[in-house]
>>> print(open('final_9.cif').read())   # mmCIF, C-alpha atoms
data_run
#
loop_
_atom_site.label_atom_id
_atom_site.label_comp_id
_atom_site.auth_asym_id
_atom_site.auth_seq_id
_atom_site.Cartn_x
_atom_site.Cartn_y
_atom_site.Cartn_z
CA MET A 1 98.88 69.65 104.48
CA GLU A 2 96.41 67.11 105.87
CA LYS A 3 95.54 66.24 109.46
CA HIS A 4 93.29 63.37 110.58
CA LYS A 5 91.28 63.24 113.77
CA GLU A 6 88.98 60.66 115.22
CA VAL A 7 86.16 61.64 117.51
CA ALA A 8 83.46 59.70 119.27
CA ASN A 9 80.84 57.58 117.45
CA GLY A 10 83.26 56.72 114.65
CA VAL A 11 83.30 60.16 113.10
CA LYS A 12 86.54 60.93 111.30
CA ILE A 13 87.59 64.50 110.63
CA LYS A 14 90.26 65.38 108.11
CA GLU A 15 91.56 69.00 108.09
CA ILE A 16 93.04 70.17 104.79
CA THR A 17 95.05 73.37 104.66
CA LYS A 18 95.89 74.89 101.28
CA GLU A 19 98.50 77.61 101.11
CA SER A 20 100.05 79.33 98.16
CA ASP A 21 103.34 77.75 97.22
CA LYS A 22 106.63 79.58 97.31
CA GLY A 23 106.47 80.62 93.67
CA GLU A 24 103.04 82.19 94.07
CA ASN A 25 104.20 84.08 97.16
CA CYS A 26 107.17 85.47 95.25
CA CYS A 27 104.88 86.49 92.41
CA ALA A 28 102.54 88.26 94.84
CA GLU A 29 105.44 90.15 96.43
CA PHE A 30 106.72 91.12 92.99
CA CYS A 31 103.27 92.49 92.09
CA LYS A 32 103.27 94.53 95.29
CA CYS A 33 106.68 96.02 94.54
CA LEU A 34 105.69 96.76 90.95
CA PHE A 35 102.46 98.35 92.13
CA GLY A 36 104.35 100.46 94.67
CA LEU A 37 106.71 101.74 91.95
CA TYR A 38 103.87 102.46 89.56
CA ASN A 39 101.84 104.21 92.25
CA LEU A 40 104.80 106.44 93.08
CA ILE A 41 105.08 107.48 89.42
CA PHE A 42 101.32 107.98 89.33
CA LEU A 43 101.48 110.16 92.45
CA LEU A 44 104.20 112.34 90.92
CA CYS A 45 102.21 112.64 87.68
CA GLY A 46 99.17 113.69 89.70
CA CYS A 47 101.23 116.41 91.36
CA LEU A 48 102.51 117.47 87.92
CA ILE A 49 99.00 117.69 86.44
CA CYS A 50 97.67 119.56 89.48
CA GLY A 51 100.62 121.94 89.35
CA LEU A 52 100.07 122.54 85.63
CA GLY A 53 96.43 123.40 86.30
CA VAL A 54 97.25 125.74 89.18
CA TRP A 55 100.00 127.39 87.12
CA THR A 56 97.51 127.96 84.29
CA LEU A 57 94.97 129.55 86.63
CA THR A 58 97.51 131.77 88.38
CA ASP A 59 100.31 132.64 85.97
CA LYS A 60 98.17 132.62 82.81
CA TRP A 61 95.13 134.24 84.40
CA CYS A 62 95.14 136.98 81.78
CA PHE A 63 94.35 134.40 79.07
CA LEU A 64 91.15 133.47 80.87
CA TYR A 65 89.71 136.99 80.71
CA LEU A 66 90.62 137.63 77.08
CA MET A 67 88.96 134.57 75.55
CA GLU A 68 85.31 134.50 74.58
CA VAL A 69 85.17 130.69 74.49
CA ASN A 70 85.36 128.96 77.87
CA THR A 71 87.23 125.88 76.58
CA TYR A 72 90.56 127.09 77.94
CA LYS A 73 89.08 127.90 81.36
CA VAL A 74 87.29 124.53 81.57
CA THR A 75 90.50 122.73 80.62
CA ALA A 76 92.44 124.53 83.35
CA TRP A 77 89.90 123.67 86.06
CA LEU A 78 89.67 120.05 84.85
CA LEU A 79 93.46 119.78 85.05
CA THR A 80 93.50 121.01 88.63
CA GLY A 81 90.64 118.76 89.72
CA THR A 82 92.05 115.69 87.97
CA GLY A 83 95.48 116.25 89.49
CA MET A 84 94.09 116.50 93.02
CA MET A 85 91.96 113.41 92.45
CA SER A 86 95.02 111.52 91.17
CA VAL A 87 96.99 112.35 94.33
CA LEU A 88 94.15 111.14 96.57
CA THR A 89 93.77 107.99 94.47
CA ALA A 90 97.49 107.20 94.79
CA ILE A 91 97.24 107.53 98.58
CA LEU A 92 94.24 105.18 98.50
CA GLY A 93 96.32 102.67 96.52
CA TYR A 94 99.08 102.59 99.13
CA THR A 95 96.46 102.18 101.85
CA ALA A 96 94.90 99.24 99.99
CA VAL A 97 98.27 97.45 99.73
CA VAL A 98 99.26 98.06 103.35
CA CYS A 99 95.88 96.85 104.62
CA GLU A 100 95.73 94.10 101.95
CA SER A 101 92.14 95.13 101.28
CA ARG A 102 90.63 93.88 98.03
CA CYS A 103 87.71 96.28 98.52
CA LEU A 104 89.99 99.33 98.61
CA LEU A 105 91.99 97.97 95.69
CA GLY A 106 88.82 97.53 93.68
CA THR A 107 87.82 101.13 94.47
CA TYR A 108 91.29 102.23 93.39
CA THR A 109 90.85 100.44 90.05
CA VAL A 110 87.48 102.13 89.43
CA LEU A 111 88.99 105.55 90.18
CA ILE A 112 91.90 104.83 87.83
CA VAL A 113 89.44 104.09 85.02
CA LEU A 114 87.52 107.31 85.73
CA LEU A 115 90.75 109.31 85.76
CA PHE A 116 91.76 107.68 82.47
CA MET A 117 88.50 108.90 80.93
CA MET A 118 88.95 112.43 82.31
CA GLU A 119 92.58 112.68 81.20
CA SER A 120 91.64 111.45 77.73
CA ILE A 121 88.90 114.09 77.47
CA ILE A 122 91.29 116.85 78.59
CA GLY A 123 94.00 115.71 76.18
CA LEU A 124 91.68 115.44 73.18
CA LEU A 125 89.93 118.72 74.03
CA SER A 126 93.25 120.56 74.23
CA TYR A 127 94.59 118.96 71.07
CA VAL A 128 91.48 119.71 68.99
CA TYR A 129 91.16 123.26 70.31
CA GLN A 130 94.67 124.10 69.08
CA GLU A 131 93.28 124.18 65.54
CA GLN A 132 90.56 126.68 66.50
CA VAL A 133 92.61 129.08 68.62
CA ALA A 134 93.61 131.41 65.78
CA ARG A 135 90.07 131.60 64.42
CA ASP A 136 88.46 132.22 67.81
CA LEU A 137 90.97 134.90 68.74
CA GLY A 138 90.59 136.56 65.37
CA ASP A 139 86.82 136.75 65.83
CA SER A 140 86.64 137.90 69.45
CA LEU A 141 89.97 139.26 70.69
CA GLU A 142 89.53 142.75 69.26
CA ASP A 143 86.11 143.16 70.84
CA ILE A 144 87.43 142.13 74.27
CA PHE A 145 90.90 143.64 74.00
CA ILE A 146 89.97 147.06 72.62
CA HIS A 147 86.30 147.75 73.23
CA ARG A 148 86.06 146.43 76.78
CA TYR A 149 89.26 148.06 77.95
CA ASP A 150 88.69 150.59 80.71
CA ASP A 151 85.09 149.35 81.16
CA ASP A 152 85.85 145.99 82.74
CA ARG A 153 88.53 146.08 85.44
CA ASP A 154 89.55 142.43 85.01
CA VAL A 155 89.84 142.80 81.24
CA SER A 156 91.85 146.02 81.63
CA GLU A 157 94.33 144.35 83.98
CA ALA A 158 94.59 141.34 81.64
CA VAL A 159 95.26 143.58 78.62
CA ASP A 160 97.93 145.51 80.51
CA GLU A 161 99.55 142.25 81.60
CA VAL A 162 99.62 140.86 78.05
CA GLN A 163 101.03 144.07 76.53
CA GLN A 164 103.75 144.30 79.16
CA GLN A 165 104.65 140.61 79.10
CA PHE A 166 104.67 140.16 75.31
CA LYS A 167 106.05 143.63 74.49
CA CYS A 168 103.21 144.39 72.08
CA CYS A 169 100.52 147.02 71.61
CA GLY A 170 96.95 146.55 70.45
CA VAL A 171 95.54 143.48 68.70
CA SER A 172 96.94 143.77 65.16
CA SER A 173 98.99 146.93 65.74
CA PHE A 174 99.16 149.98 67.98
CA SER A 175 96.74 151.82 65.66
CA ASP A 176 93.86 149.70 67.03
CA TRP A 177 93.69 152.08 69.99
CA SER A 178 92.99 155.12 67.80
CA ASP A 179 89.33 154.18 67.28
CA SER A 180 88.69 152.65 70.69
CA PRO A 181 86.26 153.86 73.37
CA TRP A 182 89.26 154.23 75.65
CA LYS A 183 90.73 156.80 73.19
CA MET A 184 87.53 158.83 73.33
CA ASN A 185 87.79 159.00 77.12
CA ASN A 186 91.51 159.76 77.01
CA PRO A 187 92.05 162.09 74.02
CA GLY A 188 95.48 163.20 75.19
CA TYR A 189 96.90 159.69 74.97
CA ALA A 190 97.92 157.74 71.89
CA VAL A 191 98.05 154.31 73.58
CA PRO A 192 97.68 152.96 77.14
CA ASP A 193 100.74 153.26 79.35
CA SER A 194 101.12 149.45 79.33
CA CYS A 195 102.24 149.68 75.69
CA CYS A 196 105.39 151.63 76.58
CA LYS A 197 108.73 149.92 76.37
CA THR A 198 109.69 151.67 79.61
CA GLN A 199 106.49 152.04 81.51
CA SER A 200 105.76 155.18 83.51
CA ILE A 201 102.72 157.31 84.24
CA GLY A 202 101.72 159.26 81.14
CA CYS A 203 104.21 157.58 78.83
CA GLY A 204 101.42 156.62 76.41
CA VAL A 205 101.12 160.13 74.99
CA ARG A 206 103.83 159.41 72.41
CA ASP A 207 103.41 156.73 69.73
CA HIS A 208 106.96 156.96 68.41
CA PRO A 209 108.62 153.54 67.73
CA SER A 210 111.31 154.39 70.27
CA ASN A 211 108.58 154.55 72.91
CA ILE A 212 106.15 151.77 71.99
CA PRO A 213 106.25 148.57 69.93
CA TYR A 214 104.21 148.70 66.74
CA THR A 215 103.56 144.94 66.72
CA GLY A 216 100.11 143.72 67.81
CA CYS A 217 99.55 141.05 70.45
CA ILE A 218 97.40 138.57 68.55
CA HIS A 219 100.27 136.64 66.94
CA ARG A 220 102.27 136.20 70.14
CA PHE A 221 99.08 135.53 72.10
CA THR A 222 98.02 132.81 69.66
CA ARG A 223 101.45 131.19 69.67
CA GLU A 224 101.70 131.14 73.47
CA LEU A 225 98.20 129.72 73.85
CA SER A 226 98.79 127.03 71.23
CA GLN A 227 102.04 125.97 72.90
CA GLU A 228 100.36 125.68 76.29
CA LEU A 229 97.46 123.68 74.88
CA TYR A 230 99.96 121.36 73.20
CA LEU A 231 101.74 120.90 76.54
CA VAL A 232 98.44 120.17 78.30
CA SER A 233 97.39 117.62 75.67
CA LEU A 234 100.78 115.91 75.76
CA CYS A 235 100.81 115.59 79.56
CA SER A 236 97.18 114.48 79.76
CA LEU A 237 97.42 111.79 77.10
CA GLY A 238 100.74 110.58 78.54
CA VAL A 239 99.22 110.16 82.00
CA ALA A 240 96.16 108.48 80.45
CA LEU A 241 98.40 105.85 78.81
CA LEU A 242 100.18 105.38 82.14
CA GLN A 243 96.83 104.62 83.76
CA VAL A 244 96.23 101.77 81.28
CA VAL A 245 99.38 100.14 82.63
CA GLY A 246 98.11 100.84 86.14
CA VAL A 247 94.85 98.99 85.51
CA ILE A 248 96.80 95.92 84.32
CA ILE A 249 99.11 95.94 87.35
CA THR A 250 96.22 96.51 89.75
CA THR A 251 94.24 93.64 88.23
CA CYS A 252 97.19 91.27 88.68
CA LEU A 253 97.64 92.37 92.29
CA PHE A 254 93.91 92.01 92.93
CA SER A 255 94.06 88.44 91.65
CA ARG A 256 97.14 87.61 93.74
CA MET A 257 95.50 88.93 96.88
CA LYS A 258 92.70 86.44 96.30
CA ASP A 259 95.03 83.50 95.61
CA LYS A 260 97.15 84.30 98.63
CA ASN A 261 94.36 83.73 101.10
CA LYS A 262 94.63 80.62 103.17
CA LYS A 263 91.78 78.12 102.80
CA VAL A 264 90.92 75.60 105.47
CA ALA A 265 88.50 72.77 104.81
CA ARG A 266 87.09 70.33 107.34
CA VAL A 267 86.19 66.99 105.78
CA VAL A 268 83.97 64.91 108.01
CA MET A 269 83.21 61.20 107.43
CA LYS A 270 80.15 59.88 109.14
CA GLN A 271 78.31 56.68 108.33
CA GLY A 272 80.45 56.08 105.24
CA TYR A 273 79.92 59.56 103.69
CA TRP A 274 82.45 62.39 103.39
CA ARG A 275 81.17 65.88 103.99
CA THR A 276 83.33 69.00 103.40
CA ILE A 277 82.84 72.06 105.57
CA TYR A 278 84.83 75.27 104.86
#
>>> encode(input="final_9.cif", output="C-alpha cells")
Amino acid sequence: MEKHKEVANGVKIKEITKESDKGENCCAEFCKCLFGLYNLIFLLCGCLICGLGVWTLTDKWCFLYLMEVNTYKVTAWLLTGTGMMSVLTAILGYTAVVCESRCLLGTYTVLIVLLFMMESIIGLLSYVYQEQVARDLGDSLEDIFIHRYDDDRDVSEAVDEVQQQFKCCGVSSFSDWSDSPWKMNNPGYAVPDSCCKTQSIGCGVRDHPSNIPYTGCIHRFTRELSQELYLVSLCSLGVALLQVVGVIITTCLFSRMKDKNKKVARVVMKQGYWRTIY
C-alpha cells in the first residue's frame, strides 16, 4: 500500500506499508496451532518423565541403598530434574506464543536443545548400564545385603523390603545368612523375619521350605532393575527424539513471527533525491 503526501518547499513524502499477505498469515497461524499441539505433548511427556523419576526415588528406594555404584541414583535424580525443567519450559513456550515474544521463543529453543542433550545422556546411560547390572550386583550385592545388615538401618530396611516384595531370602540362597554377622548376633535365628512367607515376630527361627523361600534375591533383583533401566532409556530417548521435532517447529514459528511484523517506510524526495526512512 502506498500513500503520497506533499509538504512545503516541494518535499514529497511517500509512505509504503508492507504487510504479510493472506497466505503468510495462514501459515503463521498454522505454525502456532502446530506449536500449541506439540507443546501440549511435550508438557505431558515432561510430567511423565518427572513422575517416573519420583516413582523411582520413592517406590524403588530400596534399590538405591543396595547398589554400590551410584549410576542408578544419578539417573533417578536426573529424570526428576529433567521432567520438572521440561514442564517449566513448556509453560514458557505457551507464554512466548501468547505474548508473541521472539526473545522468549528463542530462550525456549535453547532450553529445548539443553533438554535434548540431558535426555540423550539419561537414555544412553540407562541403556549402557543394563549390560553391567548383573556384574555389579554380583560383585557388591552380597557385601551390602549380608554383611551390612543390622549395622546400617537404611540397608536393613531395604533388605527387608526386597525380601518381602520379591519373596526371596538371601543373595544366592537362604544359606547366605548362616555365615553373616547378623547370624552371630542372633544365634537363635536361621534367617531374618523378612524372609518368612507369612511374616511374624520370631518366624525366622525355622528354615523349613514351608516357612521361607530358598531362592535368593539376586536374580529377581537383577531382572527388575534391568527392566526399569530399559523403561527409563526408552522414555528418555523417545522424548529426546520428540524434542528434535520441537526445535524444527519452533524455528519455523520464530521465522514467521519475524515475517509477520509490519514494516513502514517513509520515502522522502527532496531536491531530486529519494531518501528512505524506516
>>> closest_residue(input="final_9.cif", among="A:Phe35, A:Gly138, A:Gly51, A:Asp193", to="Val98 in chain A", atoms="all atoms listed in the file")
A:Phe35
>>> resolve_selection(input="final_9.cif", expression="the PyMOL selection byres ((chain A and resi 205-219) around 7)", output="compact mmCIF listing (two decimals) with C-alpha atoms, in the coordinates of the input")
# COMPACT_ATOMS: atom_id res chain seq x y z
CA GLN A 163 101.03 144.07 76.53
CA LYS A 167 106.05 143.63 74.49
CA CYS A 168 103.21 144.39 72.08
CA CYS A 169 100.52 147.02 71.61
CA GLY A 170 96.95 146.55 70.45
CA VAL A 171 95.54 143.48 68.70
CA SER A 172 96.94 143.77 65.16
CA SER A 173 98.99 146.93 65.74
CA PHE A 174 99.16 149.98 67.98
CA GLY A 188 95.48 163.20 75.19
CA TYR A 189 96.90 159.69 74.97
CA ALA A 190 97.92 157.74 71.89
CA VAL A 191 98.05 154.31 73.58
CA CYS A 195 102.24 149.68 75.69
CA CYS A 196 105.39 151.63 76.58
CA LYS A 197 108.73 149.92 76.37
CA GLY A 202 101.72 159.26 81.14
CA CYS A 203 104.21 157.58 78.83
CA GLY A 204 101.42 156.62 76.41
CA ARG A 220 102.27 136.20 70.14
CA PHE A 221 99.08 135.53 72.10
CA THR A 222 98.02 132.81 69.66
CA ARG A 223 101.45 131.19 69.67
>>> closest_residue(input="final_9.cif", among="A:Leu125, A:Ser236, A:Pro192, A:Leu48", to="Ser175 in chain A", atoms="all atoms listed in the file")
A:Pro192
>>> residues_near_point(input="final_9.cif", point="(93.0, 92.7, 93.9)", cutoff="12 Å", atoms="all atoms listed in the file", output="MDAnalysis selection string")
chainID A and resid 28 31:32 35 93 96:97 99:110 247:261
>>> resolve_selection(input="final_9.cif", expression="the PyMOL selection byres ((chain A and resi 121) around 10)", output="PyMOL selection string")
chain A and resi 75+78+115-120+122-127+233+236-237+240
>>> write_last_selection(input="final_9.cif", atoms="C-alpha atoms", output="PDB file, in the coordinates of the input")
ATOM      1  CA  THR A  75      90.500 122.730  80.620  1.00  0.00           C
ATOM      2  CA  LEU A  78      89.670 120.050  84.850  1.00  0.00           C
ATOM      3  CA  LEU A 115      90.750 109.310  85.760  1.00  0.00           C
ATOM      4  CA  PHE A 116      91.760 107.680  82.470  1.00  0.00           C
ATOM      5  CA  MET A 117      88.500 108.900  80.930  1.00  0.00           C
ATOM      6  CA  MET A 118      88.950 112.430  82.310  1.00  0.00           C
ATOM      7  CA  GLU A 119      92.580 112.680  81.200  1.00  0.00           C
ATOM      8  CA  SER A 120      91.640 111.450  77.730  1.00  0.00           C
ATOM      9  CA  ILE A 122      91.290 116.850  78.590  1.00  0.00           C
ATOM     10  CA  GLY A 123      94.000 115.710  76.180  1.00  0.00           C
ATOM     11  CA  LEU A 124      91.680 115.440  73.180  1.00  0.00           C
ATOM     12  CA  LEU A 125      89.930 118.720  74.030  1.00  0.00           C
ATOM     13  CA  SER A 126      93.250 120.560  74.230  1.00  0.00           C
ATOM     14  CA  TYR A 127      94.590 118.960  71.070  1.00  0.00           C
ATOM     15  CA  SER A 233      97.390 117.620  75.670  1.00  0.00           C
ATOM     16  CA  SER A 236      97.180 114.480  79.760  1.00  0.00           C
ATOM     17  CA  LEU A 237      97.420 111.790  77.100  1.00  0.00           C
ATOM     18  CA  ALA A 240      96.160 108.480  80.450  1.00  0.00           C
TER      19      ALA A 240
END
>>> residues_around(input="final_9.cif", residues="Lys60 in chain A", least_positions_apart="4", cutoff="12 Å", atoms="all atoms listed in the file", output="list of chain:residue names")
A:Leu52, A:Gly53, A:Val54, A:Trp55, A:Thr56, A:Leu64, A:Tyr65, A:Leu66, A:Met67, A:Tyr72, A:Lys73, A:Ala76, A:Ala158, A:Glu161, A:Val162, A:Gln165, A:Phe221, A:Glu224, A:Leu225, A:Glu228, A:Leu229
>>> write_last_selection(input="final_9.cif", atoms="C-alpha atoms", output="mmCIF file, in the coordinates of the input")
data_model
loop_
_atom_site.group_PDB
_atom_site.id
_atom_site.type_symbol
_atom_site.label_atom_id
_atom_site.label_comp_id
_atom_site.auth_asym_id
_atom_site.auth_seq_id
_atom_site.Cartn_x
_atom_site.Cartn_y
_atom_site.Cartn_z
ATOM 1 C CA LEU A 52 100.070 122.540 85.630
ATOM 2 C CA GLY A 53 96.430 123.400 86.300
ATOM 3 C CA VAL A 54 97.250 125.740 89.180
ATOM 4 C CA TRP A 55 100.000 127.390 87.120
ATOM 5 C CA THR A 56 97.510 127.960 84.290
ATOM 6 C CA LEU A 64 91.150 133.470 80.870
ATOM 7 C CA TYR A 65 89.710 136.990 80.710
ATOM 8 C CA LEU A 66 90.620 137.630 77.080
ATOM 9 C CA MET A 67 88.960 134.570 75.550
ATOM 10 C CA TYR A 72 90.560 127.090 77.940
ATOM 11 C CA LYS A 73 89.080 127.900 81.360
ATOM 12 C CA ALA A 76 92.440 124.530 83.350
ATOM 13 C CA ALA A 158 94.590 141.340 81.640
ATOM 14 C CA GLU A 161 99.550 142.250 81.600
ATOM 15 C CA VAL A 162 99.620 140.860 78.050
ATOM 16 C CA GLN A 165 104.650 140.610 79.100
ATOM 17 C CA PHE A 221 99.080 135.530 72.100
ATOM 18 C CA GLU A 224 101.700 131.140 73.470
ATOM 19 C CA LEU A 225 98.200 129.720 73.850
ATOM 20 C CA GLU A 228 100.360 125.680 76.290
ATOM 21 C CA LEU A 229 97.460 123.680 74.880
#
>>> atom_distance(input="final_9.cif", atom1="CA of Gly46 in chain A", atom2="CA of Met84 in chain A")
6.7 Å
>>> closest_residue(input="final_9.cif", among="A:Val133, A:Leu242, A:Met184, A:Val155", to="Ser226 in chain A", atoms="only C-alpha atoms")
A:Val133
>>> atom_distance(input="final_9.cif", atom1="CA of Glu131 in chain A", atom2="CA of Thr71 in chain A")
12.7 Å
>>> closest_residue(input="final_9.cif", among="A:Cys235, A:Phe145, A:Val159, A:Ala90", to="Phe42 in chain A", atoms="only C-alpha atoms")
A:Ala90
>>> atom_distance(input="final_9.cif", atom1="CA of Ile41 in chain A", atom2="CA of Glu29 in chain A")
18.7 Å
>>> resolve_selection(input="final_9.cif", expression="the PyMOL selection byres ((chain A and resi 180-182) around 10)", output="mmCIF file with C-alpha atoms, keeping the file's coordinate frame")
data_model
loop_
_atom_site.group_PDB
_atom_site.id
_atom_site.type_symbol
_atom_site.label_atom_id
_atom_site.label_comp_id
_atom_site.auth_asym_id
_atom_site.auth_seq_id
_atom_site.Cartn_x
_atom_site.Cartn_y
_atom_site.Cartn_z
ATOM 1 C CA ASP A 143 86.110 143.160 70.840
ATOM 2 C CA PHE A 145 90.900 143.640 74.000
ATOM 3 C CA ILE A 146 89.970 147.060 72.620
ATOM 4 C CA HIS A 147 86.300 147.750 73.230
ATOM 5 C CA ARG A 148 86.060 146.430 76.780
ATOM 6 C CA TYR A 149 89.260 148.060 77.950
ATOM 7 C CA ASP A 150 88.690 150.590 80.710
ATOM 8 C CA ASP A 151 85.090 149.350 81.160
ATOM 9 C CA SER A 175 96.740 151.820 65.660
ATOM 10 C CA ASP A 176 93.860 149.700 67.030
ATOM 11 C CA TRP A 177 93.690 152.080 69.990
ATOM 12 C CA SER A 178 92.990 155.120 67.800
ATOM 13 C CA ASP A 179 89.330 154.180 67.280
ATOM 14 C CA LYS A 183 90.730 156.800 73.190
ATOM 15 C CA MET A 184 87.530 158.830 73.330
ATOM 16 C CA ASN A 185 87.790 159.000 77.120
ATOM 17 C CA ASN A 186 91.510 159.760 77.010
ATOM 18 C CA PRO A 187 92.050 162.090 74.020
ATOM 19 C CA TYR A 189 96.900 159.690 74.970
ATOM 20 C CA VAL A 191 98.050 154.310 73.580
ATOM 21 C CA PRO A 192 97.680 152.960 77.140
#
>>> closest_residue(input="final_9.cif", among="A:Thr58, A:Leu44, A:Asn39, A:Asp136", to="Thr95 in chain A", atoms="all atoms listed in the file")
A:Asn39
>>> decode(input="final_9.cif", residues="range 114-131 of chain A", atoms="N, CA and C atoms", output="PDB file, in the first residue's frame")
ATOM      1  N   LEU A 114      19.011 -27.971  25.296  1.00  0.00           N
ATOM      2  CA  LEU A 114      19.642 -28.459  26.519  1.00  0.00           C
ATOM      3  C   LEU A 114      18.936 -29.708  27.051  1.00  0.00           C
ATOM      4  N   LEU A 115      17.603 -29.686  27.013  1.00  0.00           N
ATOM      5  CA  LEU A 115      16.844 -30.848  27.464  1.00  0.00           C
ATOM      6  C   LEU A 115      17.093 -32.057  26.562  1.00  0.00           C
ATOM      7  N   PHE A 116      17.229 -31.799  25.266  1.00  0.00           N
ATOM      8  CA  PHE A 116      17.552 -32.883  24.335  1.00  0.00           C
ATOM      9  C   PHE A 116      18.876 -33.545  24.719  1.00  0.00           C
ATOM     10  N   MET A 117      19.869 -32.735  25.067  1.00  0.00           N
ATOM     11  CA  MET A 117      21.165 -33.274  25.467  1.00  0.00           C
ATOM     12  C   MET A 117      21.049 -34.077  26.762  1.00  0.00           C
ATOM     13  N   MET A 118      20.297 -33.552  27.736  1.00  0.00           N
ATOM     14  CA  MET A 118      20.147 -34.246  29.010  1.00  0.00           C
ATOM     15  C   MET A 118      19.393 -35.557  28.850  1.00  0.00           C
ATOM     16  N   GLU A 119      18.310 -35.529  28.071  1.00  0.00           N
ATOM     17  CA  GLU A 119      17.533 -36.752  27.847  1.00  0.00           C
ATOM     18  C   GLU A 119      18.366 -37.802  27.111  1.00  0.00           C
ATOM     19  N   SER A 120      19.183 -37.360  26.171  1.00  0.00           N
ATOM     20  CA  SER A 120      20.034 -38.302  25.444  1.00  0.00           C
ATOM     21  C   SER A 120      21.043 -38.954  26.383  1.00  0.00           C
ATOM     22  N   ILE A 121      21.616 -38.145  27.281  1.00  0.00           N
ATOM     23  CA  ILE A 121      22.586 -38.683  28.244  1.00  0.00           C
ATOM     24  C   ILE A 121      21.915 -39.706  29.157  1.00  0.00           C
ATOM     25  N   ILE A 122      20.721 -39.368  29.661  1.00  0.00           N
ATOM     26  CA  ILE A 122      19.997 -40.287  30.548  1.00  0.00           C
ATOM     27  C   ILE A 122      19.664 -41.588  29.819  1.00  0.00           C
ATOM     28  N   GLY A 123      19.170 -41.466  28.588  1.00  0.00           N
ATOM     29  CA  GLY A 123      18.802 -42.652  27.822  1.00  0.00           C
ATOM     30  C   GLY A 123      19.990 -43.549  27.533  1.00  0.00           C
ATOM     31  N   LEU A 124      21.098 -42.955  27.098  1.00  0.00           N
ATOM     32  CA  LEU A 124      22.287 -43.758  26.788  1.00  0.00           C
ATOM     33  C   LEU A 124      22.894 -44.350  28.059  1.00  0.00           C
ATOM     34  N   LEU A 125      22.896 -43.563  29.138  1.00  0.00           N
ATOM     35  CA  LEU A 125      23.440 -44.061  30.403  1.00  0.00           C
ATOM     36  C   LEU A 125      22.642 -45.272  30.894  1.00  0.00           C
ATOM     37  N   SER A 126      21.327 -45.166  30.820  1.00  0.00           N
ATOM     38  CA  SER A 126      20.475 -46.274  31.274  1.00  0.00           C
ATOM     39  C   SER A 126      20.631 -47.499  30.387  1.00  0.00           C
ATOM     40  N   TYR A 127      20.727 -47.259  29.084  1.00  0.00           N
ATOM     41  CA  TYR A 127      20.837 -48.380  28.144  1.00  0.00           C
ATOM     42  C   TYR A 127      22.159 -49.113  28.322  1.00  0.00           C
ATOM     43  N   VAL A 128      23.252 -48.368  28.445  1.00  0.00           N
ATOM     44  CA  VAL A 128      24.575 -48.987  28.594  1.00  0.00           C
ATOM     45  C   VAL A 128      24.691 -49.703  29.937  1.00  0.00           C
ATOM     46  N   TYR A 129      24.115 -49.114  30.982  1.00  0.00           N
ATOM     47  CA  TYR A 129      24.259 -49.691  32.317  1.00  0.00           C
ATOM     48  C   TYR A 129      23.507 -51.011  32.466  1.00  0.00           C
ATOM     49  N   GLN A 130      22.528 -51.252  31.581  1.00  0.00           N
ATOM     50  CA  GLN A 130      21.817 -52.534  31.632  1.00  0.00           C
ATOM     51  C   GLN A 130      22.769 -53.713  31.486  1.00  0.00           C
ATOM     52  N   GLU A 131      23.817 -53.526  30.667  1.00  0.00           N
ATOM     53  CA  GLU A 131      24.765 -54.616  30.422  1.00  0.00           C
ATOM     54  C   GLU A 131      25.673 -54.871  31.631  1.00  0.00           C
TER      55      GLU A 131
END
